[in-house]
Structures are given as C-alpha cells and as structure tokens.
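Asks: So here's model03.cif, just mmCIF, C-alpha atoms:
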```
data_model
loop_
_atom_site.label_atom_id
_atom_site.label_comp_id
_atom_site.auth_asym_id
_atom_site.auth_seq_id
_atom_site.Cartn_x
_atom_site.Cartn_y
_atom_site.Cartn_z
CA MET A 12 11.00 -18.67 -8.14
CA LEU A 13 13.05 -17.10 -5.36
CA TYR A 14 9.80 -16.21 -3.61
CA TYR A 15 8.97 -19.89 -3.16
CA LEU A 16 12.51 -20.71 -2.03
CA PHE A 17 12.50 -18.03 0.65
CA GLN A 18 8.97 -18.96 1.71
CA TRP A 19 10.34 -22.43 2.44
CA LEU A 20 13.41 -21.06 4.20
CA ASP A 21 11.20 -18.80 6.32
CA LYS A 22 9.69 -21.92 7.91
CA PHE A 23 13.07 -22.56 9.53
CA ASP A 24 13.20 -19.01 10.98
CA ILE A 25 16.20 -18.07 8.84
CA PRO A 26 16.86 -14.33 9.38
CA GLY A 27 15.85 -12.18 6.42
CA ALA A 28 13.93 -14.89 4.59
CA GLY A 29 10.61 -13.19 5.32
CA VAL A 30 11.58 -10.07 3.37
CA PHE A 31 10.31 -11.77 0.21
CA ASN A 32 6.78 -11.44 1.57
CA TYR A 33 6.93 -7.72 0.86
CA ILE A 34 5.84 -6.63 -2.60
CA THR A 35 7.95 -3.48 -2.40
CA PHE A 36 11.14 -5.47 -1.79
CA ARG A 37 10.47 -7.89 -4.63
CA ALA A 38 9.51 -5.01 -6.93
CA GLY A 39 12.78 -3.23 -6.20
CA ALA A 40 14.76 -6.43 -6.74
CA ALA A 41 12.94 -7.12 -10.03
CA PHE A 42 13.76 -3.59 -11.19
CA ILE A 43 17.47 -3.95 -10.43
CA VAL A 44 17.76 -7.42 -11.99
CA ALA A 45 15.89 -6.39 -15.16
CA LEU A 46 18.01 -3.25 -15.46
CA LEU A 47 21.27 -5.17 -15.09
CA MET A 48 20.08 -7.94 -17.38
CA SER A 49 19.16 -5.51 -20.15
CA THR A 50 22.57 -3.85 -20.06
CA ILE A 51 24.45 -7.15 -19.96
CA VAL A 52 22.35 -8.87 -22.62
CA GLY A 53 22.19 -5.65 -24.65
CA ASN A 54 25.92 -5.47 -25.36
CA ARG A 55 26.10 -9.09 -26.46
CA PHE A 56 22.92 -8.94 -28.53
CA ILE A 57 23.99 -5.77 -30.36
CA THR A 58 27.37 -7.32 -31.16
CA PHE A 59 25.65 -10.45 -32.46
CA MET A 60 23.18 -8.49 -34.62
CA ARG A 61 25.95 -6.33 -36.08
CA ARG A 62 27.99 -9.39 -36.94
CA LYS A 63 24.98 -10.91 -38.70
CA LYS A 64 24.18 -7.53 -40.33
CA CYS A 65 20.59 -7.79 -39.10
CA ALA A 66 19.25 -4.32 -39.80
CA ASP A 67 15.82 -3.17 -40.94
CA GLU A 68 15.64 -1.29 -44.22
CA GLU A 69 15.35 2.44 -43.58
CA ARG A 70 12.79 4.33 -45.63
CA ASP A 71 13.88 7.62 -47.17
CA LEU A 72 11.50 10.03 -45.42
CA SER A 73 13.35 13.15 -46.56
CA ILE A 74 14.19 13.83 -42.93
CA GLU A 75 17.62 15.05 -41.92
CA GLY A 76 19.68 12.25 -40.41
CA GLN A 77 17.17 9.52 -41.27
CA MET A 78 19.36 7.66 -43.75
CA ALA A 79 22.31 7.88 -41.35
CA LYS A 80 20.48 5.24 -39.31
CA LYS A 81 20.76 2.74 -42.10
CA GLY A 82 22.52 -0.38 -40.88
CA THR A 83 21.46 0.04 -37.23
CA PRO A 84 20.46 -3.37 -35.81
CA THR A 85 16.83 -3.96 -34.93
CA MET A 86 14.84 -6.57 -32.95
CA GLY A 87 16.11 -5.00 -29.71
CA GLY A 88 12.81 -5.92 -28.12
CA VAL A 89 14.40 -9.30 -27.44
CA ILE A 90 16.62 -7.57 -24.85
CA ILE A 91 13.59 -6.02 -23.15
CA LEU A 92 11.54 -9.21 -23.09
CA VAL A 93 14.38 -11.38 -21.75
CA SER A 94 15.05 -8.83 -19.01
CA ILE A 95 11.39 -8.55 -17.99
CA LEU A 96 10.88 -12.30 -17.92
CA THR A 97 14.04 -12.78 -15.84
CA GLY A 98 12.99 -10.24 -13.23
CA VAL A 99 9.42 -11.53 -12.98
CA LEU A 100 10.31 -15.23 -12.93
CA LEU A 101 12.84 -14.64 -10.15
CA PHE A 102 10.82 -12.37 -7.90
CA GLY A 103 7.16 -12.71 -8.87
CA ILE A 104 4.47 -14.93 -7.38
CA LEU A 105 3.99 -17.20 -10.36
CA HIS A 106 0.63 -18.65 -9.35
CA ASN A 107 -0.92 -15.16 -9.25
CA ILE A 108 -3.42 -14.97 -12.12
CA TYR A 109 -2.43 -11.42 -13.05
CA THR A 110 1.23 -12.38 -13.29
CA ILE A 111 0.31 -15.39 -15.43
CA LEU A 112 -1.78 -13.24 -17.78
CA LEU A 113 1.03 -10.73 -18.23
CA LEU A 114 3.62 -13.44 -18.84
CA ILE A 115 1.37 -14.97 -21.53
CA THR A 116 0.78 -11.53 -23.07
CA THR A 117 4.50 -10.78 -23.10
CA VAL A 118 5.43 -14.03 -24.82
CA TRP A 119 2.43 -13.96 -27.19
CA LEU A 120 2.84 -10.42 -28.51
CA GLY A 121 6.63 -10.65 -28.33
CA THR A 122 6.49 -13.68 -30.61
CA LEU A 123 4.08 -11.88 -32.95
CA GLY A 124 6.44 -8.91 -33.17
CA PHE A 125 9.46 -11.18 -33.54
CA LEU A 126 7.86 -12.87 -36.57
CA ASP A 127 7.25 -9.46 -38.14
CA ASP A 128 10.85 -8.36 -37.54
CA TYR A 129 12.22 -11.70 -38.71
CA ILE A 130 10.40 -11.43 -42.05
CA LYS A 131 11.65 -7.87 -42.52
CA VAL A 132 15.25 -8.53 -41.54
CA PHE A 133 16.00 -12.07 -42.64
CA LYS A 134 13.49 -12.54 -45.46
CA LYS A 135 14.14 -9.00 -46.74
CA ASP A 136 10.41 -8.31 -47.04
CA LYS A 137 9.87 -4.70 -45.97
CA HIS A 138 6.15 -5.33 -45.40
CA GLY A 139 6.82 -7.91 -42.70
CA LEU A 140 4.02 -10.01 -41.30
CA GLN A 141 0.71 -9.37 -43.04
CA GLY A 142 -1.52 -6.95 -41.19
CA LYS A 143 -4.40 -9.42 -40.91
CA PHE A 144 -2.18 -11.86 -39.01
CA LYS A 145 -1.10 -9.11 -36.61
CA ILE A 146 -4.72 -8.22 -35.92
CA ILE A 147 -5.66 -11.88 -35.45
CA GLY A 148 -2.80 -12.27 -32.95
CA GLN A 149 -3.78 -9.14 -31.02
CA VAL A 150 -7.49 -10.00 -30.99
CA SER A 151 -6.66 -13.55 -29.85
CA ILE A 152 -4.63 -12.46 -26.84
CA GLY A 153 -7.30 -9.89 -25.99
CA LEU A 154 -9.90 -12.67 -26.07
CA ILE A 155 -7.72 -14.89 -23.87
CA VAL A 156 -7.25 -12.10 -21.33
CA GLY A 157 -10.93 -11.17 -21.28
CA LEU A 158 -12.18 -14.74 -20.91
CA THR A 159 -9.59 -15.53 -18.23
CA LEU A 160 -10.69 -12.54 -16.17
CA TYR A 161 -14.25 -13.82 -16.51
CA PHE A 162 -13.70 -17.48 -15.70
CA SER A 163 -10.79 -17.38 -13.21
CA PRO A 164 -11.89 -17.74 -9.55
CA GLN A 165 -8.86 -15.64 -8.53
CA VAL A 166 -10.20 -12.56 -10.31
CA LYS A 167 -12.49 -10.87 -7.81
CA MET A 168 -12.96 -7.52 -6.13
CA VAL A 169 -14.17 -6.67 -2.64
CA GLU A 170 -17.42 -4.80 -2.20
CA THR A 171 -17.74 -1.82 0.09
CA ILE A 172 -20.31 -1.90 2.86
CA GLY A 173 -20.02 1.69 3.98
CA LYS A 174 -17.66 4.48 4.99
CA GLU A 175 -15.88 5.27 8.20
CA VAL A 176 -15.86 8.94 9.15
CA ASN A 177 -12.80 10.00 11.12
CA ASP A 178 -13.19 12.18 14.21
CA CYS A 179 -10.69 14.70 12.94
CA PRO A 180 -12.38 17.06 10.44
CA ASP A 181 -9.21 17.33 8.39
CA GLU A 182 -9.14 13.59 7.74
CA ALA A 183 -10.92 11.98 4.79
CA THR A 184 -13.56 9.31 5.09
CA VAL A 185 -12.33 5.77 4.52
CA LYS A 186 -14.13 2.91 2.84
CA ILE A 187 -15.15 -0.13 4.87
CA TYR A 188 -14.84 -3.31 2.84
CA SER A 189 -16.85 -6.50 3.08
CA GLU A 190 -15.11 -9.79 3.77
CA ASN A 191 -16.79 -11.25 0.67
CA THR A 192 -15.21 -11.10 -2.78
CA VAL A 193 -17.33 -10.92 -5.93
CA LYS A 194 -16.95 -11.14 -9.69
CA SER A 195 -17.60 -7.70 -11.08
CA THR A 196 -17.62 -5.74 -14.34
CA MET A 197 -17.01 -2.47 -12.48
CA THR A 198 -14.37 -0.14 -13.87
CA THR A 199 -12.99 3.30 -13.04
CA ILE A 200 -13.81 6.41 -15.03
CA PRO A 201 -11.86 9.64 -14.42
CA PHE A 202 -13.09 13.09 -13.34
CA VAL A 203 -16.44 11.83 -12.07
CA LYS A 204 -17.82 11.70 -8.54
CA ASN A 205 -18.37 8.10 -7.42
CA ASN A 206 -16.18 7.27 -10.37
CA ASN A 207 -16.98 3.57 -10.81
CA MET A 208 -19.03 2.38 -13.75
CA ASP A 209 -20.50 -1.09 -14.32
CA TYR A 210 -20.56 -2.40 -17.87
CA ALA A 211 -23.66 -4.38 -16.92
CA ASP A 212 -25.60 -1.15 -16.30
CA ALA A 213 -25.87 -0.76 -20.07
CA PHE A 214 -28.14 -3.80 -20.09
CA ASP A 215 -30.69 -2.99 -17.39
CA TRP A 216 -33.37 -3.94 -19.90
CA ALA A 217 -32.02 -7.53 -20.12
CA GLY A 218 -33.23 -8.64 -16.68
CA GLU A 219 -31.48 -11.77 -15.46
CA HIS A 220 -29.14 -11.71 -18.46
CA LYS A 221 -27.80 -8.29 -17.51
CA GLN A 222 -24.58 -9.50 -15.89
CA MET A 223 -23.75 -11.94 -18.68
CA LEU A 224 -24.16 -9.22 -21.32
CA GLY A 225 -22.00 -6.96 -19.17
CA TRP A 226 -19.19 -9.52 -19.27
CA ILE A 227 -19.55 -9.90 -23.05
CA LEU A 228 -19.19 -6.12 -23.41
CA PHE A 229 -16.20 -6.21 -21.05
CA VAL A 230 -14.45 -8.87 -23.18
CA ILE A 231 -15.08 -6.81 -26.33
CA VAL A 232 -13.59 -3.75 -24.61
CA VAL A 233 -10.55 -5.82 -23.54
CA ILE A 234 -9.96 -6.96 -27.13
CA PHE A 235 -10.22 -3.39 -28.40
CA VAL A 236 -7.93 -1.95 -25.70
CA VAL A 237 -5.20 -4.58 -26.14
CA THR A 238 -5.24 -4.14 -29.92
CA ALA A 239 -5.34 -0.35 -29.80
CA VAL A 240 -2.60 0.16 -27.19
CA SER A 241 -0.20 -2.38 -28.73
CA ASN A 242 -0.62 -0.74 -32.14
CA GLY A 243 -0.25 2.70 -30.57
CA ALA A 244 3.05 1.71 -28.99
CA ASN A 245 4.15 0.28 -32.33
CA LEU A 246 3.41 3.56 -34.15
CA THR A 247 5.20 5.58 -31.46
CA ASP A 248 8.40 3.61 -32.00
CA GLY A 249 9.81 5.93 -34.65
CA LEU A 250 12.43 8.06 -32.91
CA ASP A 251 15.37 7.01 -30.77
CA GLY A 252 14.13 6.42 -27.24
CA LEU A 253 10.60 7.75 -27.81
CA ALA A 254 8.61 4.54 -27.30
CA THR A 255 11.08 3.22 -24.71
CA GLY A 256 10.78 6.24 -22.45
CA SER A 257 7.01 6.54 -22.95
CA CYS A 258 6.48 2.90 -21.97
CA ALA A 259 8.67 3.31 -18.87
CA ILE A 260 6.59 6.29 -17.71
CA GLN A 261 3.31 4.47 -18.25
CA GLY A 262 4.62 1.31 -16.62
CA ALA A 263 5.67 3.25 -13.52
CA THR A 264 2.23 4.85 -13.26
CA LEU A 265 0.43 1.53 -13.58
CA GLY A 266 2.76 -0.02 -11.01
CA VAL A 267 1.76 2.66 -8.49
CA LEU A 268 -1.95 2.22 -9.30
CA ALA A 269 -1.65 -1.56 -9.01
CA TYR A 270 0.00 -1.31 -5.59
CA LEU A 271 -2.70 1.06 -4.32
CA THR A 272 -5.49 -1.08 -5.77
CA GLY A 273 -4.11 -4.25 -4.19
CA ASN A 274 -3.64 -2.73 -0.72
CA VAL A 275 -6.83 -2.58 1.33
CA ARG A 276 -5.68 0.39 3.43
CA TYR A 277 -4.61 2.60 0.54
CA ALA A 278 -7.60 1.59 -1.56
CA GLY A 279 -9.92 2.46 1.31
CA TYR A 280 -8.25 5.81 1.94
CA LEU A 281 -8.29 6.79 -1.75
CA ASP A 282 -11.87 5.54 -2.15
CA ILE A 283 -10.99 3.19 -5.03
CA MET A 284 -11.95 -0.42 -5.64
CA TYR A 285 -9.90 -3.01 -3.78
CA ILE A 286 -8.74 -5.98 -5.88
CA PRO A 287 -6.96 -8.72 -3.89
CA GLY A 288 -3.78 -9.89 -5.59
CA ALA A 289 -3.53 -6.91 -7.94
CA GLY A 290 -0.61 -5.48 -5.98
CA GLU A 291 1.56 -8.24 -7.45
CA LEU A 292 1.44 -6.32 -10.74
CA MET A 293 3.87 -3.87 -9.17
CA VAL A 294 6.59 -6.52 -9.45
CA PHE A 295 5.89 -6.94 -13.15
CA ALA A 296 5.72 -3.17 -13.69
CA SER A 297 9.05 -2.71 -11.90
CA ALA A 298 10.72 -5.34 -14.09
CA MET A 299 9.27 -3.58 -17.13
CA ILE A 300 10.62 -0.21 -15.98
CA GLY A 301 14.07 -1.66 -15.29
CA ALA A 302 14.18 -3.40 -18.68
CA THR A 303 13.11 -0.30 -20.63
CA ILE A 304 15.49 2.02 -18.79
CA GLY A 305 18.33 -0.44 -19.35
CA PHE A 306 17.41 -0.66 -23.03
CA LEU A 307 17.34 3.14 -23.22
CA TRP A 308 21.08 3.02 -22.51
CA PHE A 309 21.48 1.67 -26.03
CA ASN A 310 18.36 3.13 -27.64
CA ALA A 311 18.91 6.79 -26.72
CA TYR A 312 20.06 9.04 -29.56
CA PRO A 313 22.02 8.00 -31.53
CA ALA A 314 20.49 4.55 -31.16
CA GLU A 315 22.80 1.55 -31.26
CA ILE A 316 19.78 -0.71 -31.75
CA PHE A 317 16.09 -0.30 -32.49
CA MET A 318 13.29 -1.87 -30.49
CA GLY A 319 11.40 -3.26 -33.48
CA ASP A 320 7.94 -4.77 -33.34
CA THR A 321 9.30 -7.44 -30.98
CA GLY A 322 9.39 -4.85 -28.22
CA SER A 323 6.74 -2.30 -29.16
CA LEU A 324 3.83 -4.71 -29.66
CA ALA A 325 4.66 -6.55 -26.43
CA LEU A 326 5.13 -3.39 -24.33
CA GLY A 327 1.86 -1.93 -25.57
CA GLY A 328 0.10 -5.19 -24.72
CA MET A 329 1.62 -5.23 -21.21
CA ILE A 330 0.40 -1.68 -20.54
CA ALA A 331 -3.10 -2.57 -21.76
CA VAL A 332 -3.39 -5.77 -19.71
CA MET A 333 -2.06 -4.12 -16.53
CA ALA A 334 -4.67 -1.36 -16.85
CA ILE A 335 -7.43 -3.89 -17.53
CA ALA A 336 -6.43 -6.10 -14.60
CA ILE A 337 -6.81 -3.22 -12.13
CA HIS A 338 -10.01 -1.99 -13.82
CA LYS A 339 -8.44 1.26 -15.01
CA GLU A 340 -8.70 0.66 -18.77
CA LEU A 341 -10.90 3.74 -19.31
CA MET A 342 -8.09 5.90 -17.93
CA LEU A 343 -5.74 4.79 -20.72
CA PRO A 344 -6.80 7.63 -23.08
CA ILE A 345 -5.16 9.92 -20.52
CA LEU A 346 -2.18 7.81 -19.47
CA SER A 347 -1.45 6.54 -22.99
CA GLY A 348 -2.33 9.87 -24.57
CA ILE A 349 0.92 9.82 -26.58
CA PHE A 350 -0.07 6.49 -28.15
CA LEU A 351 -3.58 7.81 -28.75
CA VAL A 352 -2.56 10.94 -30.66
CA GLU A 353 0.04 9.02 -32.66
CA SER A 354 -2.65 6.54 -33.74
CA LEU A 355 -5.24 9.25 -34.43
CA SER A 356 -2.77 11.19 -36.56
CA VAL A 357 -2.30 8.17 -38.82
CA ILE A 358 -6.05 7.47 -39.01
CA MET A 359 -6.88 11.11 -39.76
CA GLN A 360 -4.14 11.43 -42.36
CA THR A 361 -5.17 8.23 -44.14
CA CYS A 362 -8.88 9.14 -44.22
CA TYR A 363 -8.21 12.71 -45.35
CA PHE A 364 -5.77 11.54 -48.02
CA LYS A 365 -8.35 9.17 -49.47
CA CYS A 366 -11.24 11.63 -49.29
CA THR A 367 -9.31 14.49 -50.92
CA HIS A 368 -7.30 12.29 -53.31
CA GLY A 369 -3.91 13.36 -52.03
CA GLY A 370 -4.49 16.06 -49.40
CA ARG A 371 -2.72 15.97 -46.04
CA ILE A 372 -3.54 17.21 -42.57
CA PHE A 373 -0.02 16.75 -41.21
CA LYS A 374 3.32 17.04 -42.94
CA MET A 375 3.91 13.38 -42.13
CA THR A 376 2.56 10.73 -39.79
CA PRO A 377 2.85 9.32 -37.17
CA LEU A 378 2.72 12.68 -35.42
CA HIS A 379 6.36 12.74 -34.26
CA HIS A 380 7.47 12.88 -37.89
CA HIS A 381 5.26 15.96 -38.43
CA PHE A 382 7.50 17.93 -36.07
CA GLN A 383 10.61 16.39 -37.56
CA HIS A 384 9.78 17.15 -41.20
CA PRO A 385 10.29 20.61 -42.76
CA ALA A 386 7.15 21.80 -44.62
CA GLY A 387 8.87 22.23 -47.96
CA LYS A 388 6.43 21.66 -50.80
CA ILE A 389 4.14 19.38 -48.81
CA SER A 390 0.56 20.63 -48.76
CA ALA A 391 -0.71 20.05 -45.21
CA LEU A 392 -3.50 21.72 -43.24
CA ILE A 393 -1.34 21.93 -40.12
CA GLN A 394 1.92 23.48 -41.30
CA GLY A 395 3.61 25.35 -38.52
CA PRO A 396 6.99 26.97 -39.09
CA ASN A 397 9.22 25.48 -41.76
CA ILE A 398 11.60 24.20 -39.09
CA ALA A 399 12.71 20.62 -38.71
CA HIS A 400 13.12 19.98 -34.99
CA HIS A 401 15.88 17.63 -33.95
CA GLU A 402 14.57 14.25 -32.87
CA VAL A 403 16.13 14.55 -29.43
CA LYS A 404 14.07 17.68 -28.74
CA ILE A 405 10.90 15.98 -30.02
CA THR A 406 11.56 12.88 -27.93
CA VAL A 407 12.20 14.80 -24.71
CA ARG A 408 9.13 16.98 -25.23
CA PHE A 409 6.99 13.91 -25.80
CA TRP A 410 8.40 12.44 -22.56
CA ILE A 411 7.47 15.64 -20.72
CA VAL A 412 3.92 15.42 -22.06
CA GLY A 413 3.87 11.76 -21.02
CA LEU A 414 4.92 12.69 -17.48
CA ILE A 415 2.18 15.32 -17.29
CA LEU A 416 -0.39 12.76 -18.45
CA ALA A 417 0.91 10.23 -15.91
CA ALA A 418 0.58 12.78 -13.09
CA LEU A 419 -2.91 13.67 -14.28
CA THR A 420 -3.88 9.99 -14.30
CA ILE A 421 -2.82 9.55 -10.68
CA ILE A 422 -4.45 12.72 -9.37
CA THR A 423 -7.76 11.73 -10.96
CA LEU A 424 -8.01 9.25 -8.08
CA LYS A 425 -8.84 12.19 -5.80
CA MET A 426 -10.52 14.46 -8.37
CA ARG A 427 -14.11 13.35 -7.79
#
```
Go ahead and express the file in the form of structure tokens.

Replies:
Amino acid sequence: MLYYLFQWLDKFDIPGAGVFNYITFRAGAAFIVALLMSTIVGNRFITFMRRKKCADEERDLSIEGQMAKKGTPTMGGVIILVSILTGVLLFGILHNIYTILLLITTVWLGTLGFLDDYIKVFKKDKHGLQGKFKIIGQVSIGLIVGLTLYFSPQVKMVETIGKEVNDCPDEATVKIYSENTVKSTMTTIPFVKNNNMDYADAFDWAGEHKQMLGWILFVIVVIFVVTAVSNGANLTDGLDGLATGSCAIQGATLGVLAYLTGNVRYAGYLDIMYIPGAGELMVFASAMIGATIGFLWFNAYPAEIFMGDTGSLALGGMIAVMAIAIHKELMLPILSGIFLVESLSVIMQTCYFKCTHGGRIFKMTPLHHHFQHPAGKISALIQGPNIAHHEVKITVRFWIVGLILAALTIITLKMR
C-alpha cells in the first residue's frame, strides 16, 4: 500500500518518494517490518496461547527430551503468516499477478493448516483434519495457481532473438531479448546445456493441439509440486527450528532467483529466461525470510512455541509457488532436498513396513527422528551407531546441508 502512496507523492517531486520504485529497497523494508512484526506479535501470541493452555499433544517417541516439550504452545504459524502479510501488503505491488497468487496461497494453505491445528488443540482430536481434506485443499490451490498462470495476461516471458558477443574475450555472451512477450510452458532444468525445456515438446505428435496439451501437463505438474512441497515442509517440522531455518534458506534462494529472472540485464548475462514482473517476488521472499527468522527467535531450541501445520503447510506452498512462477520448479528437488528426503523416508518406511509386515528401513521417520533415536531393540536396515544425537546438532547439520543445496541451486545457472 505504501508503494501506491509514494507513487502519488512522487508526482509532486517530494524528495525520496521515488525510492519505492526500487525492488531492493522495498524488499529490505519488507524484511525489517516482517522481522519486527514477528517478534512483537510473537511475545503476545505465546502469552495468549499459554494462558489458554493451547498445546498439541506430544507423542511418546521414546526420544530423550521429547516429553519435556509437553505443554509447549503450537499454532505459531499464525505469527509467521501475519508478519509476511504485513510486510507484503505494506511494500508490495498488489496488482502484480505473482504477488496476488502468493497472497492467495498463503491465506489458503494457512487456513487449511489452521483448521488442522484447531481440531488437534481445541477439539482434542490428535488426528486433526482428515487427510483427504488436506489433499483436496492442496490440489485446489495448485489448480488455481496453474490455471491463473495459464489464463492471466500478465504471465508472460520474453523470447530471445540472439546473442551479443562482447569484444573482450574474457566476457560472456549476453542474450538479446525481443520486445514481444509470449505465453510459454518453458521451464528450467539444471545441469544441462541450453537448460530450458518446454512441456509442450512432449506432445509433438499432437500437431495444433501441442501447446494446449503442454499447458495441461504444466497444470498437473503445478498441482503435484504444490502438494509435495507443502507436505514436505509439514513433515520436516519435527525439531525445534528445523523447518523454520530450512524455509528461510529456501526463501532467500528463490528471492535471489526471482530478482535475477525479473531483471533483463541479469537474465541476459546469466543466459536465463526473462520474466517481466517476476522480480516483485523478491519483496515477498524478503518478508518470508524476515518472518521466519523472527519466529526462529522463539522456535529455536528449546522452543517456546511450535509452528504447527498453520505455518508449515503455508510455507511449503509459498516455496512451491515462487519456484513455479519463475519457471524453476524442476530445480526444487535440489533446493528443497531436505523436504524431499524427509518425504521419501516416510514413503519408503511405510511401504517397507507393509511389504515385510513390520520391518523397518530407518529407526524412525521422518528422517530427522532416525538420527535422534537410539537403535535399541528396533530392527532397521539402516542402523548406524547406537547414539542419539541431540536435536540441536541434527537441526544445525540439516541447515548446513540446506545451505549447500541452496548454493548448488544458484550455481546451476552457470553450470551448462
């Protein structure tokens, strides 16, 4: 909202009013406001939840220190969501289609997670919202995002018409972009020369229907990615600060990629697709980083409040939609590698348990609990030493892996 105010003030040549035209300034301001908001709201919200005795029931996982968390308030995702929305609404361009999509995703999945937490905490039903309703909610928002990207006239990319070769041999070639924008199902794939892939290429046999089928495949991929990443973030939220820090790292990476993708000079230099308006996602990503870091003040070990599904489902959805908006969704297996292995560990454990009638691959899933749980009498294929690592060590090591994956994601832009 402040963007529009200062745009109006800039017409009167008021000194400093034009600074709101810069994405970097608004991104920094959104970060600071979200960070401050999360710390201010956090204290009050934790006090309120403690007074109401709103705590999730802790399961006895036979892990040292697990039951000591009993009575810790949950639904802390409310703090994150309020902080993100405040930062974006104040400093974002609210008619930007990518901002609109992320605001809808945040509210949609935040509400879905809130319902799940509400049933667990206030209705005392440990199962929470039925799984089928969660899936319906995730698939629905994925469908909305996919169809909006298809139908919206704002969602376009700029085609390249050639490359400019610099006189200096040490300088890289730079893309030359057309002045025409087009609807496209192109996306980026890592580690490959000329690393753009078109979903429509899978339907060369379809003739004039090729592009339409490409968009249908794209929408299906969007639904899958939104559902998978939001569930992955939800499964990762099992140790103090683990999901919070992981989401902050991924949000920062996507903010950088969005800024580069939305800037014609940087996109041309890095030889990546240029998407007008995508740079605005940096403001949203900055608000997300500020909110999660501020929440980490309370969520770091020993946690004063848990994120709950209110935060984890929404944060996972934000990460998925940001990656989709800048056509980098196929890079998420690298960037969101922590979420991927956490999800795979659960899937593998469940399938193996059913096939062997009680056998286990890991000591416990999701994967972070495998490192936290002593082997004891548990029969698991992957045992390791009978040492229960402290959750702080596990969390920090997962963050380090997340940072490595984030760096790898960014350098793939030049690894062709």

Asks: From the options A:Lys22, A:Ile104, A:Lys425, A:Asp212, which residue's atoms come nearest to Leu281 of chain A, counting all atoms listed in the file?

Replies: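 Closest candidate: A:Lys425.
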
Asks: Once you count all atoms listed in the file, which residues end up no further than 10 Å from (-9.0, 13.5, -8.4) in the file's frame, shown as a PDB file with C-alpha atoms, in the coordinates of the input?

Replies:
```pdb
ATOM      1  CA  PRO A 201     -11.860   9.640 -14.420  1.00  0.00           C
ATOM      2  CA  PHE A 202     -13.090  13.090 -13.340  1.00  0.00           C
ATOM      3  CA  VAL A 203     -16.440  11.830 -12.070  1.00  0.00           C
ATOM      4  CA  LYS A 204     -17.820  11.700  -8.540  1.00  0.00           C
ATOM      5  CA  ASN A 206     -16.180   7.270 -10.370  1.00  0.00           C
ATOM      6  CA  LEU A 281      -8.290   6.790  -1.750  1.00  0.00           C
ATOM      7  CA  LEU A 419      -2.910  13.670 -14.280  1.00  0.00           C
ATOM      8  CA  THR A 420      -3.880   9.990 -14.300  1.00  0.00           C
ATOM      9  CA  ILE A 421      -2.820   9.550 -10.680  1.00  0.00           C
ATOM     10  CA  ILE A 422      -4.450  12.720  -9.370  1.00  0.00           C
ATOM     11  CA  THR A 423      -7.760  11.730 -10.960  1.00  0.00           C
ATOM     12  CA  LEU A 424      -8.010   9.250  -8.080  1.00  0.00           C
ATOM     13  CA  LYS A 425      -8.840  12.190  -5.800  1.00  0.00           C
ATOM     14  CA  MET A 426     -10.520  14.460  -8.370  1.00  0.00           C
ATOM     15  CA  ARG A 427     -14.110  13.350  -7.790  1.00  0.00           C
TER      16      ARG A 427
END
```

Asks: Compare A:Ala311, A:Leu100, A:Leu326, A:Leu250 by their minimum atom-to-atom distance to His401 of chain A, counting only C-alpha atoms, and give me the closest one.

Replies: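 Closest to His401 of chain A of all the choices is A:Leu250.
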
Asks: Please indicate the distance in Å from atom CA of Cys65 of chain A to atom CA of Phe306 of chain A, rounded to one decimal place.

Replies: 17.9 Å

Asks: Need to verify the contact set: Gly413 of chain A, 9 Å, all atoms listed in the file, exclusion of same-chain residues closer than 4 positions in sequence. Can you return it as a PyMOL selection string?

Replies: chain A and resi 256-257+260-261+346-349+408-409+417-418

Asks: What lies within 8 Å of Leu324 of chain A using all atoms listed in the file, ignoring chain neighbours under 2 positions off, as a list in words?

Replies: Leu120, Gly121, Leu123, Gly124, Ser241, Asn242, Ala244, Asn245, Asp320, Thr321, Gly322, Leu326, Gly327 and Gly328 of chain A

Asks: Tell me which residues the PyMOL selection byres ((chain A and resi 218-233) around 8) grabs here, as a PyMOL selection string.

Replies: chain A and resi 153-154+156-158+161+196+209-217+234-237+335

Asks: Running the PyMOL selection byres ((chain A and resi 271) around 10) on this model by hand, what would come out? Give it as a list in words.

Replies: Leu265, Gly266, Val267, Leu268, Ala269, Tyr270, Thr272, Gly273, Asn274, Val275, Arg276, Tyr277, Ala278, Gly279, Tyr280, Leu281, Ile283, Met284, Tyr285, Ile286, Ala289, Gly290, Met293 and Ile337 of chain A

Asks: Would you please work out which residue, of A:Met359, A:Ile405, A:Met86, A:Leu126, is nearest to Ile372 of chain A when using only C-alpha atoms?

Replies: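 Counting only C-alpha atoms, the residue closest to Ile372 of chain A is A:Met359.
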
Asks: Give as a list in words the residues that the PyMOL selection byres ((chain A and resi 131) around 12) matches when applied to the coordinates above.

Replies: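 For this structure, the PyMOL selection byres ((chain A and resi 131) around 12) captures Cys65, Ala66, Asp67, Glu68, Glu69, Pro84, Thr85, Met86, Gly124, Phe125, Leu126, Asp127, Asp128, Tyr129, Ile130, Val132, Phe133, Lys134, Lys135, Asp136, Lys137, His138, Gly139, Leu140, Gln141, Gly319, Asp320 and Thr321 of chain A.
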
Asks: One number please: atom CA of Gln360 of chain A to atom CA of Leu343 of chain A, in Å, one decimal.

Replies: 22.7 Å
